[in-house]
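**Student:** Quick one: the structure is below, and I'll ask about it shortly.
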Amino acid sequence: MLRARTEDAGDDVPRAAGTSRSTPVERWFAAQGWKIFAFQRDTWQAAVRGESGLLHASTGSGKTYAVWFAALQHAVPALAQAGPLPVTDTPAAGGAKRSKAITQTGLRILWITPMRALAADTARALEAPLNALLPTWTIGSRTGDTSGSERARQLRSLPSTLITTPESLSLLLSQDDAAARFGKLDAIIVDEWHELMGSKRGVQTQLALARLRRWRPELMVWGLSATLGNLQQSRDALLGAGRGVLVQSKTRKKIVVDTLIPAHPSRFAWAGHLGLQMLPAVAAEIDRHASTLVFTNTRSQAELWYQNLLAARPDWAGLIALHHGSLDRAVREWVELAIKNGQLKAVVCTSSLDLGVDFAPVERVLQVGSARGVARLLQRAGRSGHSPGRVSRVTLVPTNTLELLEAAGARHAVAAGQVEQRPVPDTPLDVLVQHLVTIALGGGFRSQELFDEVRSAYSYRALRPDQWQWALDFVARGGQSLIAYPEYQRVVPDADGVYRVPDAAIARRHRMSIGTIVSDASMQVQYLRGARIGTIEEGFIARLRAGDRFLFGGRMLEFVRVHEMTAYVRRATSGSGAVPRWQGGRMPLSSTLAHAVLDCLEEATHDDYSGPEMQAVQPLLALQQQWSALPTARKLVVEHLHSREGHHLFFYPFAGRLVHVGLAALISYRLAQRRPATFSIAVNDYGFELLGAAPVDLAEIFPASDMGGALFSSAHLLEDVIASLNATELTQRRFREIARISGLVFQGFPGQPKSTRQLQASASLFFEVFRKHDAGNLLLTQAQTEVLEQELELQRLRETLEELRGRSLQVCSITRATPFGFPLMVERFREKLSTEKLSDRVARMLQELEKAAAR
């Protein structure tokens, strides 16, 4: 539960409890021994005036009760008025009298959460004041975890407050009596808006809000956010351009960011080379504190760290746990409850514990590897000291020496209050197509009325009539190429021009497919005679043979067989095994953190190594300067190396992995346009390598009069990027997701899901049909746009090119790999060599480089 108190003398102090001037809400806060933050009172006053808004405050500062009591006071005005609540003569349970204001039935407040795992914890926090203030109000949840019996009860009568997800809300909107169900709705709270707004789930939420506002024009909407850099746009995306108020906490929560410094940081780093070498230091930190969360960036990494911690400290069996999104819900819920009750000393986790859940006992947060972004780091830091007045602390655990640079940059960015912006998707037509069928099911729609409604959602504010007509035609007739197939004629206008879904089978399939979360097909993992453990992507299981071992759920398992999309396993008695690799494992370095790192490098060029991280990485940076140069925000360093492999060019823009993928392809394409050449490419978050067989004429590439200006030009960027990459393959891969969201591909009935291969084949078939026979299909255009904007970050690529043109250029001819170039070479080897051969190759290179550095 969030504690609403403050030690800041600048905050408002509530009126004394029990006086005629205090409100029921103020008396309840006083009864808990709490004071009220100024931002909480500002939120309540705005709500009493009927205003919508966005509340931005640090994690663990009291946001939940700020908006919860705002919604209650808006729905029940008596709660905001001085004096006792009015009562009726009708006694409630136990003989107490009830307030006139609380005897109303029906859904009054809707609470939207981005994660179903947060629903139970949110319900506990919201229920706490109801017994004293509104004893007849009920709170329920409707998510993917809600039982069938509870769903049936909710179909008969919704609770006073419903906690739900964007997907479950859309499912409710698809009911034919949806307008009546939401007929008494007073307020909507959108929790963790910063997590939703940058995704298609946020767009789905925008469309749902637009529908509810149409039915209830006076509806009040409030969003909760933390760690956001574009607040005005965030508010507009939730409420509409220029609408609503923005409330911010004036008291900044104290956050401490520090680093576990490796005992012997290497001068030649590569991804993960420290890794488990930091295990003793991590174990010592855990030992010193009552409760610690150990965050990793991937589920595979979490599995390895949990297993190795347990091996290092077997006495911690039962005191440490593992938590990630692929574990069974019952396992995750047990871990969450054990953390809250203070039963666990440590939990190794992923982003599954980033949000919302209140873990008051947690004292420390450790981040294994770079968080890759300031916002993510702050979010995870807030899991410790999770209440107002307490200090949140996060300790970074570098997995390679260069991550010490990122740690230094992160500390500088946090101190300066620099946080990443979250982009808002623009006109995703696959989400619109899905929404059209949902609304056709939920009572039907008229074209012009729904067009106006959809345009009130921020992401569709620029939706053109021709795009609308295309989407309508696509769901009504299947577009140009699917007109002959009845199953794609999903909505049909009646005699009054109201579009509805005419077929019960189409309706059933659509309701089972609502949502925008797309992932590869997963298999249940279950003991031969026992409980379910969780889910693993189908592609990993497909590579296993009977008897193979793998690490999952913190256990070494032996694969037995697959039956009906379930992988049956038994406990392995000994040995080692593979670790599952889930999709989406690598997060790119954010622009905000990248610029902070470049600032640290600028200081290093002036021999300023302030802070323990910079002092630890000084030998590496000094050697980089000795053999080459340090890149900064004002200087781009390009290295040329001739080796037995060929001719290497190393570029260090420090723009993040995704940008470097596009940038490397673009530069290699432009070089090949000048003189035919073929390049091998390697990228990481700091730079990229181009390796070719032919000699490289540096004077031709970087003439003194141009200094790389043409090479880094943003002119013809779109055409060159498309030409430099296998754009068709990238677009086809993205189209698979769009096909699922738009309803072209059905993922299967419960218990009978289609395999990944079936889904990919179906999506590929549609892609080829549209490409050859319906070239104007806007879903194809969307797929290409998403590849450019999301996978290649075209806008950030354009900005990076402009930055590079503004930097001075230093080309260094080197005789061996530098500390910055070495990890790029390892990345290239990693794609070609097995783990054993890679280790041998790296060891030989390290021996040679260290010998050269010692001269």
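Letters A, B, ... go to the chains of the structure tokens in the order shown; residues in each chain start at 1; ligands are counted from 1 in the same order.
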May I have the residues within 12 Å of A:Arg380 as a PyMOL selection string, using only C-alpha atoms and disregarding those fewer than 6 positions away in the same chain?

**Tutor:** chain A and resi 58-60+226-227+255-257+292-297+349-357+359+362+364-368+371+373-374+386+392-396

**Student:** Those residues you just picked out, can you put them in a file as a compact mmCIF listing (two decimals), in the first residue's frame with N, CA, C and O atoms?

**Tutor:**
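again_8.txt was written with the following content:
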# COMPACT_ATOMS: atom_id res chain seq x y z
N SER A 58 7.27 10.54 -8.73
CA SER A 58 8.21 9.43 -8.63
C SER A 58 7.52 8.16 -8.16
O SER A 58 6.48 8.20 -7.50
N THR A 59 8.13 7.04 -8.50
CA THR A 59 7.64 5.75 -8.03
C THR A 59 7.67 5.72 -6.50
O THR A 59 8.64 6.11 -5.88
N GLY A 60 6.56 5.25 -5.91
CA GLY A 60 6.49 5.13 -4.46
C GLY A 60 6.25 6.44 -3.75
O GLY A 60 6.55 6.56 -2.55
N ALA A 226 5.38 8.05 -14.32
CA ALA A 226 6.67 8.36 -13.71
C ALA A 226 7.72 8.20 -14.81
O ALA A 226 7.45 7.61 -15.86
N THR A 227 8.89 8.74 -14.61
CA THR A 227 10.02 8.58 -15.53
C THR A 227 9.64 8.90 -16.97
O THR A 227 9.78 8.08 -17.87
N ILE A 255 17.10 9.38 -5.03
CA ILE A 255 17.51 8.13 -5.65
C ILE A 255 19.03 8.06 -5.67
O ILE A 255 19.69 8.98 -6.17
N VAL A 256 19.57 7.01 -5.13
CA VAL A 256 21.02 6.80 -5.10
C VAL A 256 21.37 5.77 -6.16
O VAL A 256 20.81 4.67 -6.20
N VAL A 257 22.29 6.14 -7.07
CA VAL A 257 22.79 5.22 -8.09
C VAL A 257 24.28 5.03 -7.84
O VAL A 257 25.04 5.99 -7.81
N THR A 292 16.45 -8.08 -1.30
CA THR A 292 17.07 -7.48 -2.48
C THR A 292 16.40 -8.01 -3.75
O THR A 292 16.09 -9.20 -3.84
N LEU A 293 16.18 -7.11 -4.71
CA LEU A 293 15.77 -7.52 -6.05
C LEU A 293 16.99 -7.44 -6.96
O LEU A 293 17.66 -6.41 -7.00
N VAL A 294 17.28 -8.52 -7.68
CA VAL A 294 18.40 -8.56 -8.63
C VAL A 294 17.80 -8.56 -10.03
O VAL A 294 17.30 -9.58 -10.50
N PHE A 295 17.81 -7.41 -10.68
CA PHE A 295 17.24 -7.28 -12.02
C PHE A 295 18.25 -7.69 -13.08
O PHE A 295 19.43 -7.34 -13.01
N THR A 296 17.77 -8.44 -14.07
CA THR A 296 18.55 -8.74 -15.26
C THR A 296 17.75 -8.25 -16.47
O THR A 296 16.54 -8.00 -16.36
N ASN A 297 18.39 -8.15 -17.61
CA ASN A 297 17.72 -7.62 -18.79
C ASN A 297 17.02 -8.69 -19.62
O ASN A 297 16.20 -8.37 -20.48
N CYS A 349 15.12 -11.34 -11.09
CA CYS A 349 13.92 -11.04 -11.87
C CYS A 349 14.26 -10.26 -13.13
O CYS A 349 15.40 -9.84 -13.35
N THR A 350 13.24 -10.07 -13.95
CA THR A 350 13.35 -9.28 -15.18
C THR A 350 12.36 -8.12 -15.08
O THR A 350 11.93 -7.76 -13.99
N SER A 351 11.97 -7.57 -16.22
CA SER A 351 11.01 -6.47 -16.23
C SER A 351 9.65 -6.88 -15.70
O SER A 351 8.78 -6.04 -15.51
N SER A 352 9.45 -8.17 -15.44
CA SER A 352 8.18 -8.63 -14.85
C SER A 352 7.91 -8.01 -13.50
O SER A 352 6.77 -8.00 -13.03
N LEU A 353 8.94 -7.48 -12.83
CA LEU A 353 8.74 -6.81 -11.54
C LEU A 353 9.05 -5.31 -11.63
O LEU A 353 9.23 -4.65 -10.61
N ASP A 354 9.10 -4.77 -12.85
CA ASP A 354 9.38 -3.34 -13.02
C ASP A 354 8.28 -2.46 -12.44
O ASP A 354 8.55 -1.36 -11.95
N LEU A 355 7.03 -2.89 -12.56
CA LEU A 355 5.91 -1.97 -12.38
C LEU A 355 5.09 -2.25 -11.14
O LEU A 355 4.92 -3.40 -10.73
N GLY A 356 4.60 -1.18 -10.54
CA GLY A 356 3.40 -1.16 -9.73
C GLY A 356 3.37 -1.87 -8.41
O GLY A 356 2.96 -1.31 -7.43
N VAL A 357 3.76 -3.15 -8.36
CA VAL A 357 3.58 -3.92 -7.15
C VAL A 357 4.40 -3.30 -6.02
O VAL A 357 5.57 -2.97 -6.19
N PHE A 359 6.47 -3.44 -2.91
CA PHE A 359 7.29 -4.33 -2.12
C PHE A 359 8.00 -3.52 -1.05
O PHE A 359 9.19 -3.21 -1.16
N VAL A 362 11.61 -4.41 0.46
CA VAL A 362 12.82 -4.42 -0.36
C VAL A 362 13.74 -3.26 0.02
O VAL A 362 13.34 -2.10 -0.01
N ARG A 364 17.24 -3.15 -1.22
CA ARG A 364 18.23 -2.90 -2.25
C ARG A 364 17.75 -3.40 -3.59
O ARG A 364 17.03 -4.39 -3.69
N VAL A 365 18.20 -2.73 -4.64
CA VAL A 365 17.99 -3.18 -6.01
C VAL A 365 19.36 -3.26 -6.68
O VAL A 365 20.13 -2.30 -6.64
N LEU A 366 19.66 -4.40 -7.27
CA LEU A 366 20.87 -4.58 -8.06
C LEU A 366 20.46 -4.72 -9.52
O LEU A 366 19.51 -5.43 -9.84
N GLN A 367 21.18 -4.06 -10.41
CA GLN A 367 20.92 -4.14 -11.85
C GLN A 367 22.12 -4.80 -12.51
O GLN A 367 23.19 -4.23 -12.60
N VAL A 368 21.93 -6.06 -12.95
CA VAL A 368 23.01 -6.79 -13.61
C VAL A 368 23.10 -6.34 -15.07
O VAL A 368 22.14 -6.49 -15.83
N ALA A 371 21.27 -0.89 -17.65
CA ALA A 371 19.82 -0.81 -17.86
C ALA A 371 19.49 -0.29 -19.24
O ALA A 371 18.33 -0.32 -19.65
N GLY A 373 18.89 2.43 -20.37
CA GLY A 373 18.08 3.64 -20.42
C GLY A 373 17.90 4.22 -19.03
O GLY A 373 17.86 3.48 -18.04
N VAL A 374 17.78 5.53 -18.94
CA VAL A 374 17.64 6.19 -17.64
C VAL A 374 16.27 5.90 -17.03
O VAL A 374 16.15 5.62 -15.84
N HIS A 386 10.12 1.87 -1.30
CA HIS A 386 8.89 2.14 -2.05
C HIS A 386 7.83 2.79 -1.15
O HIS A 386 6.76 2.24 -0.91
N SER A 392 15.48 5.55 -2.40
CA SER A 392 15.58 4.41 -3.32
C SER A 392 17.02 4.30 -3.79
O SER A 392 17.66 5.30 -4.12
N ARG A 393 17.51 3.06 -3.84
CA ARG A 393 18.91 2.86 -4.20
C ARG A 393 19.01 1.73 -5.22
O ARG A 393 18.44 0.66 -5.04
N VAL A 394 19.74 1.97 -6.29
CA VAL A 394 20.01 0.94 -7.28
C VAL A 394 21.52 0.86 -7.48
O VAL A 394 22.19 1.89 -7.60
N THR A 395 22.04 -0.35 -7.48
CA THR A 395 23.47 -0.58 -7.66
C THR A 395 23.68 -1.31 -8.97
O THR A 395 23.10 -2.38 -9.20
N LEU A 396 24.51 -0.74 -9.83
CA LEU A 396 24.78 -1.33 -11.14
C LEU A 396 25.89 -2.37 -11.03
O LEU A 396 26.89 -2.15 -10.34

**Student:** So that I can see what lies close to A:Leu636, please list as a PyMOL selection string the residues with an atom at most 7 Å from it, counting only C-alpha atoms and leaving out residues fewer than 4 positions away in the same chain.

**Tutor:** chain A and resi 631-632+652-653+804+807-810

**Student:** Just to be explicit: take each residue in the selection above, keep N, CA and C atoms, and write the result as an mmCIF file, in the first residue's frame.

**Tutor:**
data_model
loop_
_atom_site.group_PDB
_atom_site.id
_atom_site.type_symbol
_atom_site.label_atom_id
_atom_site.label_comp_id
_atom_site.auth_asym_id
_atom_site.auth_seq_id
_atom_site.Cartn_x
_atom_site.Cartn_y
_atom_site.Cartn_z
ATOM 1 N N PRO A 631 36.213 9.037 -28.859
ATOM 2 C CA PRO A 631 35.100 9.763 -29.470
ATOM 3 C C PRO A 631 34.361 10.578 -28.414
ATOM 4 N N THR A 632 33.788 11.700 -28.826
ATOM 5 C CA THR A 632 33.005 12.546 -27.928
ATOM 6 C C THR A 632 31.805 13.081 -28.697
ATOM 7 N N TYR A 652 32.604 4.919 -34.347
ATOM 8 C CA TYR A 652 32.103 4.989 -32.974
ATOM 9 C C TYR A 652 31.133 6.169 -32.786
ATOM 10 N N PRO A 653 29.902 6.055 -33.292
ATOM 11 C CA PRO A 653 28.930 7.136 -33.104
ATOM 12 C C PRO A 653 28.292 7.147 -31.712
ATOM 13 N N LEU A 804 26.562 13.604 -36.674
ATOM 14 C CA LEU A 804 27.878 13.221 -37.189
ATOM 15 C C LEU A 804 28.439 14.270 -38.142
ATOM 16 N N ARG A 807 30.088 16.941 -36.160
ATOM 17 C CA ARG A 807 31.276 16.603 -35.384
ATOM 18 C C ARG A 807 32.531 16.710 -36.252
ATOM 19 N N SER A 808 33.631 16.980 -35.597
ATOM 20 C CA SER A 808 34.907 16.882 -36.306
ATOM 21 C C SER A 808 35.224 15.408 -36.516
ATOM 22 N N LEU A 809 36.022 15.114 -37.520
ATOM 23 C CA LEU A 809 36.319 13.735 -37.883
ATOM 24 C C LEU A 809 37.790 13.446 -37.645
ATOM 25 N N GLN A 810 38.062 12.380 -36.899
ATOM 26 C CA GLN A 810 39.449 11.964 -36.685
ATOM 27 C C GLN A 810 39.592 10.523 -37.162
#

**Student:** Which neighbours of A:Asp176 fall inside 8 Å, counting only C-alpha atoms, when residues of the same chain fewer than 3 positions from it are skipped, and could you give them as number ranges by chain?

**Tutor:** A: 173, 179, 441-444

**Student:** Can you write out the residues you just picked, keeping N, CA and C atoms, as a PDB file, in the first residue's frame?

**Tutor:**
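result-v1.pdb, written as the output of this step:
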ATOM      1  N   LEU A 173     -16.002  -4.033 -24.405  1.00  0.00           N
ATOM      2  CA  LEU A 173     -16.612  -3.150 -25.400  1.00  0.00           C
ATOM      3  C   LEU A 173     -17.196  -3.928 -26.569  1.00  0.00           C
ATOM      4  N   ALA A 179     -22.830  -0.364 -24.026  1.00  0.00           N
ATOM      5  CA  ALA A 179     -23.223   1.010 -23.676  1.00  0.00           C
ATOM      6  C   ALA A 179     -23.965   1.045 -22.347  1.00  0.00           C
ATOM      7  N   LEU A 441     -19.237  -5.396 -33.034  1.00  0.00           N
ATOM      8  CA  LEU A 441     -19.802  -6.377 -32.111  1.00  0.00           C
ATOM      9  C   LEU A 441     -20.486  -5.707 -30.929  1.00  0.00           C
ATOM     10  N   GLY A 442     -19.938  -4.588 -30.480  1.00  0.00           N
ATOM     11  CA  GLY A 442     -20.437  -3.922 -29.281  1.00  0.00           C
ATOM     12  C   GLY A 442     -21.582  -2.961 -29.553  1.00  0.00           C
ATOM     13  N   GLY A 443     -22.555  -3.377 -30.319  1.00  0.00           N
ATOM     14  CA  GLY A 443     -23.725  -2.539 -30.586  1.00  0.00           C
ATOM     15  C   GLY A 443     -23.765  -1.955 -31.974  1.00  0.00           C
ATOM     16  N   GLY A 444     -22.652  -2.075 -32.732  1.00  0.00           N
ATOM     17  CA  GLY A 444     -22.632  -1.566 -34.086  1.00  0.00           C
ATOM     18  C   GLY A 444     -22.224  -0.106 -34.176  1.00  0.00           C
TER      19      GLY A 444
END

**Student:** For atom CA of A:Thr438 and atom CA of A:Leu744, quote the distance in Å rounded to one decimal.

**Tutor:**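 Pair atom CA of A:Thr438 / atom CA of A:Leu744 returns 14.5 Å.
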
**Student:** Using only C-alpha atoms, determine which residues lie at most 9 Å from A:Leu238, disregarding the query and same-chain residues fewer than 5 positions distant; provide the list as an mmCIF file with all heavy atoms, in the first residue's frame.

**Tutor:**
data_model
loop_
_atom_site.group_PDB
_atom_site.id
_atom_site.type_symbol
_atom_site.label_atom_id
_atom_site.label_comp_id
_atom_site.auth_asym_id
_atom_site.auth_seq_id
_atom_site.Cartn_x
_atom_site.Cartn_y
_atom_site.Cartn_z
ATOM 1 N N GLY A 53 -6.856 14.794 -16.064
ATOM 2 C CA GLY A 53 -5.468 15.219 -15.995
ATOM 3 C C GLY A 53 -4.485 14.069 -16.005
ATOM 4 O O GLY A 53 -4.857 12.889 -16.041
ATOM 5 N N LEU A 54 -3.207 14.435 -15.972
ATOM 6 C CA LEU A 54 -2.099 13.487 -15.881
ATOM 7 C C LEU A 54 -1.296 13.842 -14.640
ATOM 8 O O LEU A 54 -0.892 14.995 -14.462
ATOM 9 C CB LEU A 54 -1.213 13.575 -17.120
ATOM 10 C CG LEU A 54 0.041 12.686 -17.125
ATOM 11 C CD1 LEU A 54 -0.338 11.215 -17.199
ATOM 12 C CD2 LEU A 54 0.972 13.050 -18.292
ATOM 13 N N VAL A 190 -5.917 5.489 -15.581
ATOM 14 C CA VAL A 190 -4.988 4.701 -16.394
ATOM 15 C C VAL A 190 -3.653 4.673 -15.659
ATOM 16 O O VAL A 190 -2.943 5.682 -15.591
ATOM 17 C CB VAL A 190 -4.824 5.288 -17.806
ATOM 18 C CG1 VAL A 190 -3.918 4.384 -18.643
ATOM 19 C CG2 VAL A 190 -6.179 5.447 -18.486
ATOM 20 N N TRP A 193 0.852 4.957 -17.190
ATOM 21 C CA TRP A 193 0.636 5.399 -18.558
ATOM 22 C C TRP A 193 1.941 5.460 -19.342
ATOM 23 O O TRP A 193 1.962 5.260 -20.561
ATOM 24 C CB TRP A 193 -0.068 6.749 -18.552
ATOM 25 C CG TRP A 193 -0.283 7.374 -19.902
ATOM 26 C CD1 TRP A 193 0.110 8.609 -20.313
ATOM 27 C CD2 TRP A 193 -0.975 6.795 -21.031
ATOM 28 N NE1 TRP A 193 -0.274 8.839 -21.614
ATOM 29 C CE2 TRP A 193 -0.939 7.747 -22.083
ATOM 30 C CE3 TRP A 193 -1.591 5.564 -21.259
ATOM 31 C CZ2 TRP A 193 -1.514 7.498 -23.334
ATOM 32 C CZ3 TRP A 193 -2.156 5.319 -22.500
ATOM 33 C CH2 TRP A 193 -2.114 6.291 -23.526
ATOM 34 N N MET A 197 1.838 4.135 -23.268
ATOM 35 C CA MET A 197 1.649 5.147 -24.308
ATOM 36 C C MET A 197 2.517 4.930 -25.542
ATOM 37 O O MET A 197 2.134 5.307 -26.648
ATOM 38 C CB MET A 197 1.886 6.552 -23.756
ATOM 39 C CG MET A 197 3.290 6.795 -23.244
ATOM 40 S SD MET A 197 3.596 8.526 -22.830
ATOM 41 C CE MET A 197 3.877 9.212 -24.453
ATOM 42 N N GLY A 202 -1.158 1.098 -25.913
ATOM 43 C CA GLY A 202 -1.572 2.458 -25.586
ATOM 44 C C GLY A 202 -2.557 2.999 -26.598
ATOM 45 O O GLY A 202 -3.512 3.703 -26.242
ATOM 46 N N THR A 205 -5.837 1.568 -25.876
ATOM 47 C CA THR A 205 -6.431 2.289 -24.747
ATOM 48 C C THR A 205 -7.034 3.611 -25.199
ATOM 49 O O THR A 205 -8.133 3.990 -24.770
ATOM 50 C CB THR A 205 -5.361 2.532 -23.659
ATOM 51 O OG1 THR A 205 -4.780 1.286 -23.273
ATOM 52 C CG2 THR A 205 -5.967 3.215 -22.449
ATOM 53 N N GLN A 206 -6.327 4.341 -26.068
ATOM 54 C CA GLN A 206 -6.874 5.596 -26.604
ATOM 55 C C GLN A 206 -8.228 5.373 -27.275
ATOM 56 O O GLN A 206 -9.175 6.137 -27.061
ATOM 57 C CB GLN A 206 -5.917 6.191 -27.631
ATOM 58 C CG GLN A 206 -4.601 6.731 -27.107
ATOM 59 C CD GLN A 206 -3.757 7.264 -28.258
ATOM 60 O OE1 GLN A 206 -4.265 7.902 -29.180
ATOM 61 N NE2 GLN A 206 -2.471 6.988 -28.225
ATOM 62 N N LEU A 209 -10.960 4.683 -24.732
ATOM 63 C CA LEU A 209 -11.356 5.912 -24.047
ATOM 64 C C LEU A 209 -12.250 6.771 -24.940
ATOM 65 O O LEU A 209 -13.216 7.389 -24.478
ATOM 66 C CB LEU A 209 -10.122 6.706 -23.617
ATOM 67 C CG LEU A 209 -9.251 6.074 -22.524
ATOM 68 C CD1 LEU A 209 -8.016 6.935 -22.263
ATOM 69 C CD2 LEU A 209 -10.038 5.889 -21.239
ATOM 70 N N VAL A 221 -11.048 11.463 -16.699
ATOM 71 C CA VAL A 221 -9.956 10.522 -16.955
ATOM 72 C C VAL A 221 -8.674 11.067 -16.325
ATOM 73 O O VAL A 221 -8.317 12.229 -16.542
ATOM 74 C CB VAL A 221 -9.742 10.297 -18.464
ATOM 75 C CG1 VAL A 221 -8.564 9.350 -18.701
ATOM 76 C CG2 VAL A 221 -11.004 9.762 -19.124
ATOM 77 N N TRP A 222 -7.993 10.201 -15.576
ATOM 78 C CA TRP A 222 -6.688 10.570 -15.004
ATOM 79 C C TRP A 222 -5.664 9.486 -15.328
ATOM 80 O O TRP A 222 -5.966 8.291 -15.289
ATOM 81 C CB TRP A 222 -6.775 10.755 -13.486
ATOM 82 C CG TRP A 222 -7.254 12.118 -13.121
ATOM 83 C CD1 TRP A 222 -8.547 12.552 -13.058
ATOM 84 C CD2 TRP A 222 -6.435 13.252 -12.805
ATOM 85 N NE1 TRP A 222 -8.598 13.882 -12.729
ATOM 86 C CE2 TRP A 222 -7.320 14.338 -12.557
ATOM 87 C CE3 TRP A 222 -5.065 13.461 -12.704
ATOM 88 C CZ2 TRP A 222 -6.849 15.609 -12.219
ATOM 89 C CZ3 TRP A 222 -4.596 14.719 -12.367
ATOM 90 C CH2 TRP A 222 -5.485 15.782 -12.127
ATOM 91 N N GLY A 223 -4.480 9.920 -15.646
ATOM 92 C CA GLY A 223 -3.380 8.999 -15.896
ATOM 93 C C GLY A 223 -2.310 9.147 -14.829
ATOM 94 O O GLY A 223 -2.126 10.232 -14.257
ATOM 95 N N GLN A 233 3.166 15.867 -24.356
ATOM 96 C CA GLN A 233 2.675 14.916 -25.344
ATOM 97 C C GLN A 233 2.002 13.725 -24.668
ATOM 98 O O GLN A 233 0.998 13.197 -25.175
ATOM 99 C CB GLN A 233 3.819 14.427 -26.236
ATOM 100 C CG GLN A 233 3.327 13.553 -27.391
ATOM 101 C CD GLN A 233 4.456 12.976 -28.222
ATOM 102 O OE1 GLN A 233 5.560 12.747 -27.718
ATOM 103 N NE2 GLN A 233 4.199 12.745 -29.499
ATOM 104 N N ALA A 457 -9.031 10.292 -30.874
ATOM 105 C CA ALA A 457 -7.890 9.622 -30.251
ATOM 106 C C ALA A 457 -6.602 10.207 -30.829
ATOM 107 O O ALA A 457 -6.467 10.383 -32.040
ATOM 108 C CB ALA A 457 -7.960 8.115 -30.507
ATOM 109 N N TYR A 458 -5.639 10.477 -29.968
ATOM 110 C CA TYR A 458 -4.434 11.219 -30.361
ATOM 111 C C TYR A 458 -3.696 10.567 -31.523
ATOM 112 O O TYR A 458 -3.249 11.250 -32.452
ATOM 113 C CB TYR A 458 -3.507 11.337 -29.143
ATOM 114 C CG TYR A 458 -2.254 12.147 -29.393
ATOM 115 C CD1 TYR A 458 -2.277 13.537 -29.319
ATOM 116 C CD2 TYR A 458 -1.055 11.526 -29.707
ATOM 117 C CE1 TYR A 458 -1.130 14.289 -29.543
ATOM 118 C CE2 TYR A 458 0.097 12.260 -29.923
ATOM 119 C CZ TYR A 458 0.062 13.645 -29.849
ATOM 120 O OH TYR A 458 1.200 14.367 -30.075
#
